[in-house]
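Chemist: protein04.cif is the file, holding mmCIF, C-alpha atoms and all ligand atoms:
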data_data
#
loop_
_atom_site.label_atom_id
_atom_site.label_comp_id
_atom_site.auth_asym_id
_atom_site.auth_seq_id
_atom_site.Cartn_x
_atom_site.Cartn_y
_atom_site.Cartn_z
CA MET A 1 57.20 170.47 82.03
CA ALA A 2 54.17 171.76 80.17
CA GLY A 3 53.43 169.66 77.13
CA VAL A 4 51.71 170.81 73.99
CA ASN A 5 48.07 171.86 74.53
CA GLY A 6 49.30 173.25 77.86
CA ARG A 7 48.91 169.82 79.45
CA SER A 8 51.63 168.37 81.60
CA SER A 9 53.87 165.66 80.28
CA ASN A 10 56.98 163.97 81.46
CA GLY A 11 58.80 164.82 78.28
CA ALA A 12 62.11 166.51 77.41
CA ASN A 13 65.21 165.25 75.76
CA GLY A 14 67.42 166.18 78.68
CA PRO A 15 67.65 164.53 82.07
CA GLY A 16 64.67 164.46 84.44
CA PRO A 17 64.23 166.86 87.35
CA GLY A 18 66.61 164.68 89.40
CA GLY A 19 69.28 164.97 86.70
CA HIS A 20 68.87 161.34 85.63
CA TYR A 21 67.88 159.35 82.57
CA ALA A 22 65.70 156.21 82.58
CA HIS A 23 67.30 153.61 80.30
CA ILE A 24 65.75 150.37 79.14
CA VAL A 25 68.43 147.88 80.14
CA GLY A 26 66.53 144.60 79.86
CA TRP A 27 63.64 143.15 77.87
CA GLY A 28 61.87 139.82 77.81
CA MET A 29 58.74 138.09 76.56
CA ALA A 30 56.72 134.94 77.11
CA VAL A 31 53.92 133.40 75.10
CA PRO A 32 51.97 130.17 75.66
CA ASP A 33 52.84 127.19 73.44
CA ARG A 34 49.31 126.61 72.16
CA VAL A 35 48.72 128.18 68.72
CA LEU A 36 45.13 128.85 67.63
CA SER A 37 44.89 129.35 63.87
CA ASN A 38 42.15 131.14 61.96
CA ALA A 39 41.19 127.84 60.38
CA GLU A 40 40.59 126.35 63.81
CA LEU A 41 38.58 129.43 64.86
CA SER A 42 36.37 129.05 61.82
CA ARG A 43 35.23 125.73 63.29
CA ILE A 44 34.20 127.50 66.53
CA VAL A 45 32.41 130.60 65.14
CA ASP A 46 30.97 131.64 61.79
CA THR A 47 34.09 133.15 60.23
CA THR A 48 36.80 132.42 57.67
CA ASP A 49 40.56 132.75 57.48
CA GLU A 50 40.07 135.05 54.49
CA TRP A 51 37.76 137.43 56.45
CA ILE A 52 40.05 137.59 59.49
CA VAL A 53 43.23 138.17 57.47
CA SER A 54 41.70 140.79 55.18
CA ARG A 55 39.98 142.74 58.02
CA THR A 56 42.66 142.45 60.71
CA GLY A 57 45.91 140.92 59.39
CA ILE A 58 45.78 138.27 62.13
CA ARG A 59 46.60 134.67 61.14
CA GLU A 60 47.05 132.99 64.51
CA ARG A 61 47.28 133.75 68.22
CA ARG A 62 48.60 132.06 71.37
CA ILE A 63 46.19 130.69 73.96
CA ALA A 64 47.05 130.08 77.62
CA GLY A 65 47.24 126.42 78.64
CA PRO A 66 45.74 125.10 81.88
CA LYS A 67 48.91 125.97 83.82
CA ASP A 68 49.48 129.41 82.26
CA THR A 69 48.18 132.44 84.13
CA THR A 70 48.75 136.18 83.82
CA ALA A 71 51.30 135.94 86.66
CA SER A 72 53.13 132.90 85.29
CA LEU A 73 53.58 134.56 81.88
CA ALA A 74 54.62 137.81 83.59
CA ILE A 75 57.20 135.97 85.70
CA ARG A 76 58.75 134.27 82.66
CA ALA A 77 58.97 137.56 80.75
CA ALA A 78 60.41 139.31 83.82
CA GLN A 79 63.07 136.65 84.40
CA GLN A 80 64.19 136.99 80.80
CA ALA A 81 64.30 140.80 81.05
CA LEU A 82 66.33 140.63 84.29
CA GLU A 83 68.75 138.20 82.61
CA VAL A 84 69.27 140.52 79.64
CA ALA A 85 69.78 143.44 82.03
CA GLY A 86 72.15 141.52 84.27
CA VAL A 87 70.06 142.89 87.14
CA SER A 88 69.17 140.79 90.18
CA PRO A 89 65.62 140.80 91.61
CA ALA A 90 67.08 142.27 94.83
CA GLU A 91 67.88 145.48 92.94
CA LEU A 92 64.24 146.17 92.00
CA ASP A 93 62.59 149.17 93.66
CA LEU A 94 59.21 148.78 91.98
CA ILE A 95 57.24 146.29 89.89
CA ILE A 96 54.36 147.53 87.75
CA VAL A 97 52.14 144.95 86.05
CA ALA A 98 49.87 146.49 83.43
CA THR A 99 47.01 144.09 82.79
CA SER A 100 43.31 143.80 82.08
CA THR A 101 43.28 140.17 83.19
CA PRO A 102 44.76 140.25 86.70
CA GLU A 103 44.85 137.00 88.64
CA HIS A 104 42.48 138.49 91.26
CA VAL A 105 40.81 141.81 92.05
CA PHE A 106 43.43 141.75 94.80
CA PRO A 107 46.13 140.86 95.66
CA ALA A 108 47.77 142.60 92.74
CA THR A 109 49.38 140.33 90.14
CA ALA A 110 52.49 142.47 90.65
CA CYS A 111 52.73 141.17 94.25
CA LEU A 112 52.65 137.57 92.98
CA VAL A 113 55.47 138.46 90.60
CA GLN A 114 57.43 140.13 93.42
CA ASP A 115 57.11 136.99 95.54
CA ALA A 116 58.08 134.62 92.72
CA LEU A 117 61.12 136.67 91.73
CA GLY A 118 62.22 137.05 95.34
CA ALA A 119 62.44 140.83 95.01
CA PRO A 120 62.64 141.70 98.70
CA GLU A 121 59.72 143.90 99.72
CA CYS A 122 59.91 146.22 96.71
CA GLY A 123 56.82 148.23 95.72
CA ALA A 124 54.40 146.35 93.48
CA PHE A 125 51.08 147.33 91.94
CA ASP A 126 48.83 146.59 88.98
CA LEU A 127 47.99 149.25 86.44
CA SER A 128 44.65 149.26 84.66
CA ALA A 129 44.61 151.26 81.44
CA ALA A 130 43.52 148.47 79.08
CA CYS A 131 45.75 148.13 75.99
CA SER A 132 47.54 151.42 76.78
CA GLY A 133 48.69 149.97 80.11
CA PHE A 134 52.29 149.27 79.10
CA ILE A 135 52.73 152.81 77.76
CA TYR A 136 51.28 154.20 81.01
CA GLY A 137 53.57 151.91 83.05
CA LEU A 138 56.65 153.05 81.12
CA GLY A 139 55.60 156.66 81.73
CA MET A 140 55.19 156.13 85.49
CA GLY A 141 58.33 154.02 85.91
CA SER A 142 60.60 156.26 83.89
CA GLN A 143 59.31 159.38 85.62
CA ALA A 144 60.07 157.90 89.05
CA ILE A 145 63.63 157.19 87.88
CA ARG A 146 64.16 160.56 86.19
CA SER A 147 62.98 162.39 89.30
CA GLY A 148 65.60 160.52 91.33
CA SER A 149 63.17 158.75 93.66
CA LEU A 150 63.77 155.23 92.30
CA GLU A 151 66.67 153.50 90.61
CA THR A 152 65.38 150.27 89.04
CA VAL A 153 61.82 149.56 87.89
CA LEU A 154 60.35 146.47 86.23
CA VAL A 155 57.42 147.22 83.92
CA ILE A 156 55.41 144.24 82.66
CA GLY A 157 52.42 143.89 80.34
CA SER A 158 50.79 140.50 80.78
CA GLU A 159 47.46 139.08 79.63
CA THR A 160 45.39 135.92 79.47
CA LEU A 161 42.62 137.51 77.41
CA SER A 162 41.44 134.10 76.22
CA ARG A 163 39.89 133.72 79.69
CA ILE A 164 37.61 136.76 79.25
CA VAL A 165 36.76 136.39 75.57
CA ASN A 166 33.24 135.45 74.52
CA TRP A 167 34.00 132.48 72.27
CA LYS A 168 30.57 132.82 70.66
CA ASP A 169 31.15 136.42 69.52
CA ARG A 170 32.93 136.38 66.16
CA GLY A 171 33.39 140.15 66.34
CA THR A 172 35.83 139.88 69.25
CA CYS A 173 37.08 136.31 69.75
CA ILE A 174 39.08 136.40 66.52
CA LEU A 175 41.13 139.36 67.72
CA PHE A 176 42.71 138.51 71.04
CA GLY A 177 45.61 136.38 72.24
CA ASP A 178 47.70 135.75 75.36
CA GLY A 179 51.27 136.72 76.25
CA ALA A 180 53.57 138.91 78.30
CA GLY A 181 56.42 141.35 77.77
CA ALA A 182 58.69 143.11 80.27
CA PHE A 183 61.24 145.94 80.40
CA VAL A 184 63.76 146.67 83.13
CA LEU A 185 64.25 150.43 83.49
CA GLN A 186 67.33 151.72 85.29
CA ARG A 187 68.79 155.06 86.24
CA ARG A 188 71.78 156.23 84.18
CA ASP A 189 73.57 159.55 83.95
CA THR A 190 74.23 159.24 80.21
CA PRO A 191 71.61 160.61 77.78
CA GLY A 192 69.07 158.24 76.24
CA GLY A 193 66.33 155.85 77.29
CA VAL A 194 62.78 157.10 77.76
CA LEU A 195 62.81 160.66 76.42
CA ALA A 196 59.14 161.57 76.69
CA SER A 197 55.80 159.96 77.36
CA LEU A 198 52.20 160.85 76.91
CA MET A 199 49.08 159.49 78.66
CA ARG A 200 45.58 160.44 77.59
CA SER A 201 42.02 159.31 78.32
CA ASP A 202 38.41 159.95 77.36
CA GLY A 203 36.05 158.14 79.73
CA SER A 204 33.00 159.17 77.71
CA GLY A 205 33.90 156.25 75.42
CA GLY A 206 34.20 153.72 78.22
CA ASN A 207 31.17 151.77 77.00
CA LEU A 208 32.80 151.07 73.61
CA LEU A 209 35.14 148.42 74.99
CA ALA A 210 34.31 146.87 78.34
CA VAL A 211 33.82 143.82 80.53
CA PRO A 212 30.48 144.82 82.06
CA ALA A 213 30.28 142.57 85.14
CA GLY A 214 32.56 141.40 87.91
CA GLY A 215 33.32 144.80 89.40
CA SER A 216 31.56 146.62 92.23
CA ARG A 217 28.95 148.07 89.89
CA MET A 218 27.72 144.68 88.73
CA PRO A 219 29.10 141.99 91.04
CA ALA A 220 29.21 138.40 89.84
CA SER A 221 25.87 136.66 90.16
CA PHE A 222 24.06 133.78 88.54
CA ASP A 223 22.43 136.28 86.14
CA THR A 224 25.71 137.94 85.08
CA VAL A 225 27.26 134.56 84.38
CA ARG A 226 24.19 133.32 82.52
CA ASP A 227 24.12 136.49 80.38
CA GLY A 228 27.83 136.29 79.56
CA LEU A 229 28.59 139.68 81.09
CA HIS A 230 32.06 138.70 82.29
CA ALA A 231 33.43 138.72 78.74
CA ILE A 232 34.77 141.47 76.48
CA GLU A 233 32.10 143.54 74.72
CA MET A 234 33.20 145.90 71.99
CA ASN A 235 31.85 148.31 69.42
CA GLY A 236 34.50 147.45 66.85
CA ARG A 237 33.73 150.18 64.33
CA GLU A 238 33.80 152.96 66.94
CA VAL A 239 37.02 151.70 68.50
CA PHE A 240 38.50 151.49 65.01
CA ARG A 241 37.57 155.12 64.29
CA PHE A 242 38.95 156.29 67.63
CA ALA A 243 42.21 154.37 67.13
CA THR A 244 42.88 155.77 63.67
CA ARG A 245 42.22 159.28 65.01
CA VAL A 246 44.61 159.14 68.01
CA MET A 247 47.55 157.03 66.78
CA ALA A 248 49.14 159.60 64.46
CA SER A 249 48.46 162.58 66.72
CA ALA A 250 49.93 160.82 69.79
CA CYS A 251 53.08 159.98 67.79
CA ARG A 252 53.50 163.57 66.64
CA GLU A 253 52.88 164.97 70.11
CA VAL A 254 55.36 162.71 71.91
CA ALA A 255 58.03 163.18 69.24
CA GLN A 256 57.68 166.93 69.61
CA GLN A 257 58.04 166.66 73.39
CA ALA A 258 61.21 164.63 72.91
CA GLY A 259 62.56 167.25 70.50
CA LEU A 260 62.57 164.81 67.58
CA SER A 261 61.25 165.36 64.07
CA MET A 262 59.43 162.52 62.33
CA ASP A 263 62.45 162.10 60.02
CA GLU A 264 64.57 161.30 63.04
CA ILE A 265 62.32 158.40 64.10
CA ASP A 266 63.85 155.07 63.08
CA MET A 267 61.04 152.73 64.09
CA ILE A 268 57.48 152.90 65.39
CA VAL A 269 56.15 150.08 67.56
CA PRO A 270 52.36 150.33 67.55
CA HIS A 271 49.84 148.43 69.65
CA GLN A 272 49.12 145.29 67.62
CA ALA A 273 45.34 145.46 67.27
CA ASN A 274 44.59 145.56 63.56
CA LEU A 275 46.83 145.93 60.49
CA ARG A 276 44.36 148.39 58.95
CA ILE A 277 44.67 150.68 61.99
CA ILE A 278 48.47 150.60 61.70
CA GLU A 279 48.29 151.30 57.96
CA ALA A 280 45.99 154.27 58.62
CA ALA A 281 48.49 155.61 61.20
CA ALA A 282 51.33 155.21 58.69
CA ARG A 283 49.34 157.17 56.10
CA GLY A 284 48.48 159.85 58.69
CA LEU A 285 52.14 160.26 59.58
CA GLY A 286 53.31 160.06 55.97
CA LEU A 287 55.72 157.26 56.92
CA PRO A 288 56.48 154.08 54.97
CA HIS A 289 54.97 150.81 56.14
CA ASP A 290 58.41 149.32 56.85
CA LYS A 291 59.03 151.80 59.67
CA PHE A 292 56.37 149.96 61.70
CA ILE A 293 57.11 146.82 63.67
CA ILE A 294 54.26 144.39 63.03
CA ASN A 295 53.82 140.89 64.47
CA LEU A 296 50.04 140.74 64.98
CA ASP A 297 49.80 138.09 62.27
CA ARG A 298 51.30 135.62 64.78
CA TYR A 299 49.96 136.83 68.13
CA GLY A 300 46.77 138.83 67.51
CA ASN A 301 45.98 141.54 70.02
CA THR A 302 47.67 140.75 73.35
CA SER A 303 46.64 144.10 74.86
CA THR A 304 49.28 145.40 77.33
CA ALA A 305 51.75 142.76 76.15
CA SER A 306 51.66 143.58 72.45
CA ILE A 307 54.16 146.45 72.43
CA PRO A 308 56.91 144.87 74.58
CA ILE A 309 56.58 141.56 72.70
CA ALA A 310 56.99 143.41 69.39
CA VAL A 311 60.05 145.26 70.76
CA CYS A 312 61.66 142.02 71.98
CA GLU A 313 61.25 140.37 68.58
CA ALA A 314 62.49 143.44 66.71
CA VAL A 315 65.62 143.66 68.89
CA ALA A 316 66.25 139.94 68.38
CA ASP A 317 66.00 140.15 64.58
CA GLY A 318 68.05 143.36 64.37
CA ARG A 319 65.28 145.72 63.27
CA ILE A 320 65.83 147.80 66.43
CA ARG A 321 69.47 148.73 66.86
CA PRO A 322 71.48 150.67 69.45
CA ASN A 323 70.88 154.43 69.27
CA ASP A 324 67.68 154.09 67.26
CA ASN A 325 64.94 156.60 68.05
CA LEU A 326 61.69 154.75 68.67
CA LEU A 327 58.09 155.70 69.19
CA LEU A 328 55.82 153.25 71.02
CA VAL A 329 52.13 154.04 70.65
CA GLY A 330 49.02 152.40 72.07
CA PHE A 331 45.29 152.81 72.55
CA GLY A 332 42.51 150.86 74.18
CA GLY A 333 39.54 150.66 76.50
CA GLY A 334 38.84 153.52 78.81
CA LEU A 335 39.18 155.06 76.34
CA THR A 336 42.90 155.48 76.84
CA TRP A 337 45.82 156.16 74.55
CA GLY A 338 49.44 157.13 74.90
CA ALA A 339 52.90 157.13 73.38
CA THR A 340 56.54 156.95 74.45
CA ALA A 341 59.64 158.30 72.71
CA ILE A 342 62.77 156.26 73.36
CA GLN A 343 66.39 156.36 72.40
CA TRP A 344 67.37 152.71 72.40
CA ALA A 345 70.75 153.42 73.93
CA VAL A 346 71.77 150.13 75.53
CA GLU A 347 73.38 147.21 73.74
CA ALA A 348 72.24 143.74 74.77
CA PRO A 349 74.95 142.23 76.99
CA PRO A 350 76.52 138.93 75.94
CA GLU A 351 74.56 135.79 76.69
CA LEU A 352 74.83 134.49 80.23
CA SER A 353 77.14 131.57 80.90
CA THR A 354 75.51 128.27 81.85
CA TRP A 355 76.86 128.74 85.35
CA GLU A 356 75.28 132.21 85.69
CA HIS A 357 72.04 130.89 84.24
CA LEU A 358 71.99 128.09 86.83
CA ARG A 359 72.79 130.54 89.61
CA ARG A 360 69.80 132.66 88.62
CA GLN A 361 67.51 129.64 88.50
CA SER A 362 68.60 128.77 92.02
CA VAL A 363 67.70 132.33 93.12
CA TYR A 364 64.14 131.75 91.86
CA GLN A 365 63.98 128.33 93.56
CA PHE A 366 65.11 130.01 96.76
CA ALA A 367 62.36 132.62 96.31
CA LYS A 368 59.81 129.80 96.28
CA VAL A 369 61.23 128.31 99.47
CA ARG A 370 61.32 131.74 101.09
CA SER A 371 57.67 132.33 100.19
CA VAL A 372 56.58 129.01 101.74
CA MET A 373 58.65 129.71 104.86
CA ARG A 374 57.12 133.17 105.27
CA ARG A 375 53.63 131.73 105.00
CA GLY A 376 54.48 129.05 107.55
CA LEU A 377 55.97 131.62 109.92
CA ARG A 378 52.88 133.79 109.65
CA GLN A 379 50.67 130.82 110.55
CA LEU A 380 52.89 129.96 113.49
CA GLU A 381 52.74 133.55 114.72
CA GLY A 382 48.95 133.38 114.50
CA VAL A 383 48.91 130.26 116.69
CA ILE A 384 51.35 131.74 119.23
CA TRP A 385 49.74 135.16 119.48
CA GLY A 386 46.16 134.00 119.16
CA ALA A 387 43.88 137.01 119.56
CA GLN A 388 46.71 139.06 121.05
CA THR A 389 48.26 141.88 119.06
CA PRO A 390 52.03 141.52 118.48
CA GLU A 391 52.57 144.39 120.96
CA GLY A 392 51.20 142.16 123.72
CA GLY A 393 47.86 143.90 124.25
CA LYS A 394 44.53 142.30 123.50
CA GLU A 395 42.90 143.18 120.18
CA PRO A 396 40.23 145.84 120.67
CA PRO A 397 36.72 144.33 120.70
CA HIS A 398 35.09 144.46 117.27
CA ARG A 399 32.70 147.33 116.87
CA LYS A 400 29.06 146.31 116.88
CA GLU A 401 26.96 147.36 113.92
CA GLY A 402 25.73 150.93 114.16
CA GLU A 403 28.13 151.71 117.01
CA GLY A 404 30.18 154.90 116.72
CA LYS A 405 28.22 156.21 113.76
CA GLY A 406 26.68 159.64 113.38
O1 LIG B 1 42.99 147.00 71.69
C1 LIG B 1 41.88 147.62 71.17
C2 LIG B 1 40.92 146.57 70.80
N1 LIG B 1 40.04 146.70 69.72
C3 LIG B 1 40.30 147.06 68.45
O2 LIG B 1 41.32 147.52 68.07
C4 LIG B 1 39.19 146.80 67.51
C5 LIG B 1 39.06 147.84 66.43
N2 LIG B 1 38.10 147.39 65.43
C6 LIG B 1 38.41 146.46 64.51
O3 LIG B 1 39.52 145.98 64.46
C7 LIG B 1 37.35 146.13 63.49
O4 LIG B 1 36.24 146.97 63.69
C8 LIG B 1 36.90 144.65 63.57
C9 LIG B 1 38.00 143.73 63.09
C10 LIG B 1 36.48 144.26 64.97
C11 LIG B 1 35.70 144.44 62.65
O5 LIG B 1 36.04 144.81 61.33
P1 LIG B 1 35.10 145.79 60.50
O6 LIG B 1 35.69 145.91 59.17
O7 LIG B 1 34.92 147.04 61.30
O8 LIG B 1 33.77 144.94 60.42
P2 LIG B 1 32.33 145.35 60.88
O9 LIG B 1 32.21 145.28 62.37
O10 LIG B 1 31.95 146.62 60.20
O11 LIG B 1 31.49 144.16 60.28
C12 LIG B 1 31.36 143.98 58.87
C13 LIG B 1 30.60 142.69 58.63
C14 LIG B 1 29.35 142.55 59.48
O12 LIG B 1 28.39 141.90 58.72
P3 LIG B 1 27.20 142.77 58.00
O13 LIG B 1 26.49 143.49 59.12
O14 LIG B 1 27.91 143.69 57.06
O15 LIG B 1 26.40 141.71 57.34
C15 LIG B 1 29.76 141.63 60.59
O16 LIG B 1 28.70 140.89 61.12
O17 LIG B 1 31.45 141.58 58.98
C16 LIG B 1 30.74 140.73 59.89
N3 LIG B 1 31.71 140.12 60.78
C17 LIG B 1 32.35 138.98 60.49
N4 LIG B 1 32.27 138.16 59.44
C18 LIG B 1 33.06 137.08 59.42
C19 LIG B 1 32.14 140.57 61.98
N5 LIG B 1 33.06 139.72 62.48
C20 LIG B 1 33.20 138.73 61.58
C21 LIG B 1 33.98 137.58 61.52
N6 LIG B 1 33.91 136.78 60.43
N7 LIG B 1 34.87 137.25 62.50
#
Take the structure from the file and write it as structure tokens.
Ligand code: UT7

Modeler:
Amino acid sequence: MAGVNGRSSNGANGPGPGGHYAHIVGWGMAVPDRVLSNAELSRIVDTTDEWIVSRTGIRERRIAGPKDTTASLAIRAAQQALEVAGVSPAELDLIIVATSTPEHVFPATACLVQDALGAPECGAFDLSAACSGFIYGLGMGSQAIRSGSLETVLVIGSETLSRIVNWKDRGTCILFGDGAGAFVLQRRDTPGGVLASLMRSDGSGGNLLAVPAGGSRMPASFDTVRDGLHAIEMNGREVFRFATRVMASACREVAQQAGLSMDEIDMIVPHQANLRIIEAAARGLGLPHDKFIINLDRYGNTSTASIPIAVCEAVADGRIRPNDNLLLVGFGGGLTWGATAIQWAVEAPPELSTWEHLRRQSVYQFAKVRSVMRRGLRQLEGVIWGAQTPEGGKEPPHRKEGEGKG
């Protein structure tokens, strides 16, 4: 449908073009054990707890341990979300991992998650939209379900930002933390779930928040490492101004697309970047502070993970209840921003029995065995077939440089 400003959106309160609704049926989160307090940070860089709390609202954040990676956190969050949903990995049609700290350029972190969950050959890709990534992922996943092309989609936001932070830069290292959050989206024919979503970008501001090196433009070299160009660089004031400008307008726009007035919104879950940005959005929307879910004091800015983690905690402590109308809203590097309107229509199922829990753990153990066996089989095939193609013919000779050009 055409959204406001004549731009397309995947909004509407009714079913999607396929006659379906995309419900959030499972949710999960994972954070590393290690807590890094402001006091500890003030021994690393020239800062104080008082400055950090008054300028950002952050008191502590979680930092990945040696064994934590973006994939391992994503897998833990996904397993929890699948448990809540009562959905088995075999039912997944697609896995989207939104992240700015993928394990590799490729393979996609989503493929590592697919393998670890034992989700047989489902689609899997990473989504790069910085801190707006989870909102973008929800938009893509829900649209695929509403159109009727997919039935069950796992959307994950996972980050180990501590690995790309410049620990000498007090303007950025105080902000970020590590963690993961996941939603299971599933097709239903009853109204509710993701009602509308909005994705926006403005690449002219790409330089305001970036990791300059490590891509094809500036590949890793001795110089890039020496100059610290593989770490986050940010113009904090400009990003702050941009964020306060887009948060309220994105909320209004997505609510309008969903056919909801601001009075009908029960809770807003904003990207957890800075308390002052959230307060400015609340003022812009004319909404009380207590309509906003805030947990950045304990986790800092976990980028793509911040919104699903905040949702998980709010569901657990009863601040988000069945049939609540929610707005999720995010912004970040790119520049990107976006929002999602949701009717939280599904009750959490009762806790799994110990037996069911054990059964699920054995499924994941089996996935590990299966992965090792597949690798072994592939190696064996390589030995048996040698240079031959599986069809029996010889591989074509490799083209010599310059051959076949022009
Ligand atoms: O997911 C999106 C990610 N990014 C964001 O959301 C960031 C948005 N921006 C912000 O949150 C804020 O701009 C910051 C928290 C990064 C900075 O707060 P600010 O109020 O905009 O501070 P500022 O950059 O204007 O700096 C004010 C002063 C400066 O000193 P001078 O030039 O006034 O002497 C800074 O050098 O504060 C200084 N400063 C610090 N002082 C103590 C900057 N960082 C620190 C620090 N501790 N950690």

Chemist: Check every protein, DNA and RNA residue against ligand LIG 1 (chain B), keep those with an atom at most 7 Å away (counting all atoms listed in the file), and present them as a ChimeraX atom specification.

Modeler: /A:46-48,51-52,55-56,131,170-172,174,236-237,239-240,243,273-274,301,303,331-333

Chemist: Separation of atom CA of A:Met29 and atom CA of A:Gly193, in Å?

Modeler: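 We find that atom CA of A:Met29 and atom CA of A:Gly193 lie 19.3 Å from each other.
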
Chemist: Counting all atoms listed in the file, which residues in stretch 307-361 of chain A sit no more than 7 Å from stretch 196-199 of chain A? For each one, give the nearest pair of atoms and the distance in Å, sorted by chain then residue number, as a Markdown table.

Modeler:
| residue | atom | partner | partner_atom | distance |
| --- | --- | --- | --- | --- |
| A:Trp337 | CA | A:Met199 | CA | 6.2 |
| A:Gly338 | CA | A:Met199 | CA | 4.5 |
| A:Ala339 | CA | A:Leu198 | CA | 5.2 |
| A:Thr340 | CA | A:Ser197 | CA | 4.3 |
| A:Ala341 | CA | A:Ala196 | CA | 5.2 |

Chemist: With all atoms listed in the file as the counted atoms, please give the residues lying no more than 7 Å from stretch 77-91 of chain A, apart from itself and same-chain residues fewer than 6 positions off, as a PyMOL selection string.

Modeler: chain A and resi 25-30+117-120+152+180-184+348-349

Chemist: Work out how far atom CA of A:Gln143 is from atom CA of A:Asp324, in Å to one decimal.

Modeler: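 Atom-to-atom, atom CA of A:Asp324 to atom CA of A:Gln143, that is 20.9 Å.
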
Chemist: From the set A:Ala248, A:Leu36, A:Val105, A:Leu41, which residue has the shortest atom-to-atom contact distance to A:Ala282, counting all atoms listed in the file?

Modeler: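 Of the candidates, the smallest distance to A:Ala282 is held by A:Ala248.
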